[in-house]
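Asker: Just dropping this structure here.
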Amino acid sequence: MFDFRASQGLTKPELYRELVRAADALTEGEPDSIANMANVAALLWEFLPDVNWSGFYRLVDGELVLGPFVGRPACIRMPLTSGVCGACAASGKTQLVEDVRNFPGHIACDAETWSELVVPVIRDGIVNAVIDLDSPLPARFDTDDQAGIEELAKLLSTRI
Ligand code: SME
């Protein structure tokens, strides 16, 4: 299995290269999307410091439904019309939010969350799910995190 200690001291782009490589190895040849989302949620949790929630919401019948995650229990169903995840799924665009309190319609599943990164997983031009990362630190995520998670989402497009 993976030696997560080896990821210490890497630059962010290096860290995400390792993360995507690990996600590739874990999901390759496995057709079960829930198993793949569960392992990737755990991988994100292991690789990324200062994260208090890592996981997936799936787009089911026009709303977002909680998928595999690591962290505190979270909102089960969310509309596309509100929240950071909703904005991501509705627009098909990554949402990088430095302070969720300033995001109109933010859905607070955990009052300790300060910043958030949500990236769409797109299959055949349609949003299939979103990857959601939350942090208790302000402005925890930057464009390096965005690029890394977008790379991961590309890999997962045919695996979840
Ligand atoms: N804060 C999110 C809701 C999901 S939880 O963070 C896990 C949002 O506004 O979409």
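We label chains A, B, ... in the order they appear in the structure tokens, count residues from 1 in each chain, and number ligands from 1 in the order shown.
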Residues of region 32-149 of chain A that have any atom at most 12 Å from an atom of region 9-26 of chain A: could you tabulate them with the shortest-distance atom pair and the distance in Å to one decimal, using only C-alpha atoms, ordered by chain and increasing number, as a Markdown table?

Answerer:
```
| residue | atom | partner | partner_atom | distance |
| --- | --- | --- | --- | --- |
| A:Asp32 | CA | A:Leu26 | CA | 11.7 |
| A:Ser33 | CA | A:Leu26 | CA | 11.8 |
| A:Ala35 | CA | A:Leu26 | CA | 9.7 |
| A:Asn36 | CA | A:Leu26 | CA | 7.5 |
| A:Met37 | CA | A:Ala23 | CA | 9.7 |
| A:Ala38 | CA | A:Leu26 | CA | 10.5 |
| A:Asn39 | CA | A:Leu26 | CA | 7.3 |
| A:Val40 | CA | A:Ala23 | CA | 6.1 |
| A:Ala41 | CA | A:Ala23 | CA | 9.8 |
| A:Ala42 | CA | A:Ala23 | CA | 10.1 |
| A:Leu43 | CA | A:Ala23 | CA | 7.4 |
| A:Leu44 | CA | A:Leu19 | CA | 7.6 |
| A:Trp45 | CA | A:Leu19 | CA | 10.7 |
| A:Glu46 | CA | A:Leu19 | CA | 9.6 |
| A:Phe47 | CA | A:Leu19 | CA | 7.0 |
| A:Leu48 | CA | A:Leu15 | CA | 8.7 |
| A:Pro49 | CA | A:Leu15 | CA | 11.1 |
| A:Phe141 | CA | A:Lys12 | CA | 10.7 |
| A:Asp142 | CA | A:Lys12 | CA | 9.9 |
| A:Thr143 | CA | A:Lys12 | CA | 10.1 |
| A:Asp144 | CA | A:Lys12 | CA | 6.4 |
| A:Asp145 | CA | A:Lys12 | CA | 7.2 |
| A:Gln146 | CA | A:Tyr16 | CA | 10.0 |
| A:Ala147 | CA | A:Pro13 | CA | 8.4 |
| A:Gly148 | CA | A:Tyr16 | CA | 5.1 |
| A:Ile149 | CA | A:Tyr16 | CA | 7.6 |
```

Asker: What are the DSSP helix (DSSP H, G or I) residues of region 128-159 of chain A, as a PyMOL selection string?

Answerer: chain A and resi 143-156

Asker: Put those residues in a file: N, CA, C and O atoms, as a PDB file, in the first residue's frame.

Answerer:
```
ATOM      1  N   THR A 143      -4.924  28.040  -6.199  1.00  0.00           N
ATOM      2  CA  THR A 143      -5.066  27.540  -7.575  1.00  0.00           C
ATOM      3  C   THR A 143      -4.248  26.263  -7.810  1.00  0.00           C
ATOM      4  O   THR A 143      -4.561  25.497  -8.718  1.00  0.00           O
ATOM      5  N   ASP A 144      -3.223  26.013  -6.992  1.00  0.00           N
ATOM      6  CA  ASP A 144      -2.511  24.728  -7.091  1.00  0.00           C
ATOM      7  C   ASP A 144      -3.419  23.580  -6.644  1.00  0.00           C
ATOM      8  O   ASP A 144      -3.430  22.501  -7.256  1.00  0.00           O
ATOM      9  N   ASP A 145      -4.169  23.829  -5.552  1.00  0.00           N
ATOM     10  CA  ASP A 145      -5.132  22.809  -5.106  1.00  0.00           C
ATOM     11  C   ASP A 145      -6.194  22.595  -6.182  1.00  0.00           C
ATOM     12  O   ASP A 145      -6.575  21.462  -6.484  1.00  0.00           O
ATOM     13  N   GLN A 146      -6.665  23.690  -6.738  1.00  0.00           N
ATOM     14  CA  GLN A 146      -7.688  23.599  -7.785  1.00  0.00           C
ATOM     15  C   GLN A 146      -7.189  22.751  -8.961  1.00  0.00           C
ATOM     16  O   GLN A 146      -7.872  21.833  -9.418  1.00  0.00           O
ATOM     17  N   ALA A 147      -5.958  23.057  -9.435  1.00  0.00           N
ATOM     18  CA  ALA A 147      -5.404  22.320 -10.579  1.00  0.00           C
ATOM     19  C   ALA A 147      -5.255  20.828 -10.232  1.00  0.00           C
ATOM     20  O   ALA A 147      -5.556  19.955 -11.059  1.00  0.00           O
ATOM     21  N   GLY A 148      -4.814  20.553  -9.016  1.00  0.00           N
ATOM     22  CA  GLY A 148      -4.606  19.157  -8.611  1.00  0.00           C
ATOM     23  C   GLY A 148      -5.911  18.381  -8.528  1.00  0.00           C
ATOM     24  O   GLY A 148      -6.011  17.244  -9.009  1.00  0.00           O
ATOM     25  N   ILE A 149      -6.930  19.009  -7.943  1.00  0.00           N
ATOM     26  CA  ILE A 149      -8.216  18.302  -7.793  1.00  0.00           C
ATOM     27  C   ILE A 149      -8.933  18.199  -9.148  1.00  0.00           C
ATOM     28  O   ILE A 149      -9.618  17.217  -9.429  1.00  0.00           O
ATOM     29  N   GLU A 150      -8.722  19.183 -10.019  1.00  0.00           N
ATOM     30  CA  GLU A 150      -9.312  19.083 -11.364  1.00  0.00           C
ATOM     31  C   GLU A 150      -8.674  17.924 -12.144  1.00  0.00           C
ATOM     32  O   GLU A 150      -9.334  17.229 -12.908  1.00  0.00           O
ATOM     33  N   GLU A 151      -7.381  17.711 -11.926  1.00  0.00           N
ATOM     34  CA  GLU A 151      -6.698  16.571 -12.557  1.00  0.00           C
ATOM     35  C   GLU A 151      -7.290  15.254 -12.036  1.00  0.00           C
ATOM     36  O   GLU A 151      -7.529  14.311 -12.795  1.00  0.00           O
ATOM     37  N   LEU A 152      -7.527  15.217 -10.719  1.00  0.00           N
ATOM     38  CA  LEU A 152      -8.138  14.036 -10.108  1.00  0.00           C
ATOM     39  C   LEU A 152      -9.541  13.797 -10.687  1.00  0.00           C
ATOM     40  O   LEU A 152      -9.905  12.655 -10.998  1.00  0.00           O
ATOM     41  N   ALA A 153     -10.311  14.891 -10.835  1.00  0.00           N
ATOM     42  CA  ALA A 153     -11.673  14.767 -11.360  1.00  0.00           C
ATOM     43  C   ALA A 153     -11.656  14.215 -12.783  1.00  0.00           C
ATOM     44  O   ALA A 153     -12.532  13.416 -13.166  1.00  0.00           O
ATOM     45  N   LYS A 154     -10.651  14.623 -13.553  1.00  0.00           N
ATOM     46  CA  LYS A 154     -10.527  14.121 -14.926  1.00  0.00           C
ATOM     47  C   LYS A 154     -10.307  12.602 -14.908  1.00  0.00           C
ATOM     48  O   LYS A 154     -10.931  11.845 -15.637  1.00  0.00           O
ATOM     49  N   LEU A 155      -9.414  12.172 -14.022  1.00  0.00           N
ATOM     50  CA  LEU A 155      -9.142  10.723 -13.899  1.00  0.00           C
ATOM     51  C   LEU A 155     -10.419   9.968 -13.521  1.00  0.00           C
ATOM     52  O   LEU A 155     -10.684   8.878 -14.034  1.00  0.00           O
ATOM     53  N   LEU A 156     -11.195  10.565 -12.592  1.00  0.00           N
ATOM     54  CA  LEU A 156     -12.351   9.852 -12.049  1.00  0.00           C
ATOM     55  C   LEU A 156     -13.558   9.876 -12.971  1.00  0.00           C
ATOM     56  O   LEU A 156     -14.552   9.177 -12.710  1.00  0.00           O
TER      57      LEU A 156
END
```

Asker: Within 9 Å of ligand 1 (counting only C-alpha atoms and all ligand atoms), which residues show up? I'd like them as a PyMOL selection string.

Answerer: chain A and resi 53-57+66+69+71-76+78+82-88+100+103+105-110+113+115-116+118+132-134

Asker: To one decimal place, how far is CA of Asn102 (chain A) from CA of Asp61 (chain A) in Å?

Answerer: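 Calculated distance between CA of Asn102 (chain A) and CA of Asp61 (chain A) is 28.8 Å.
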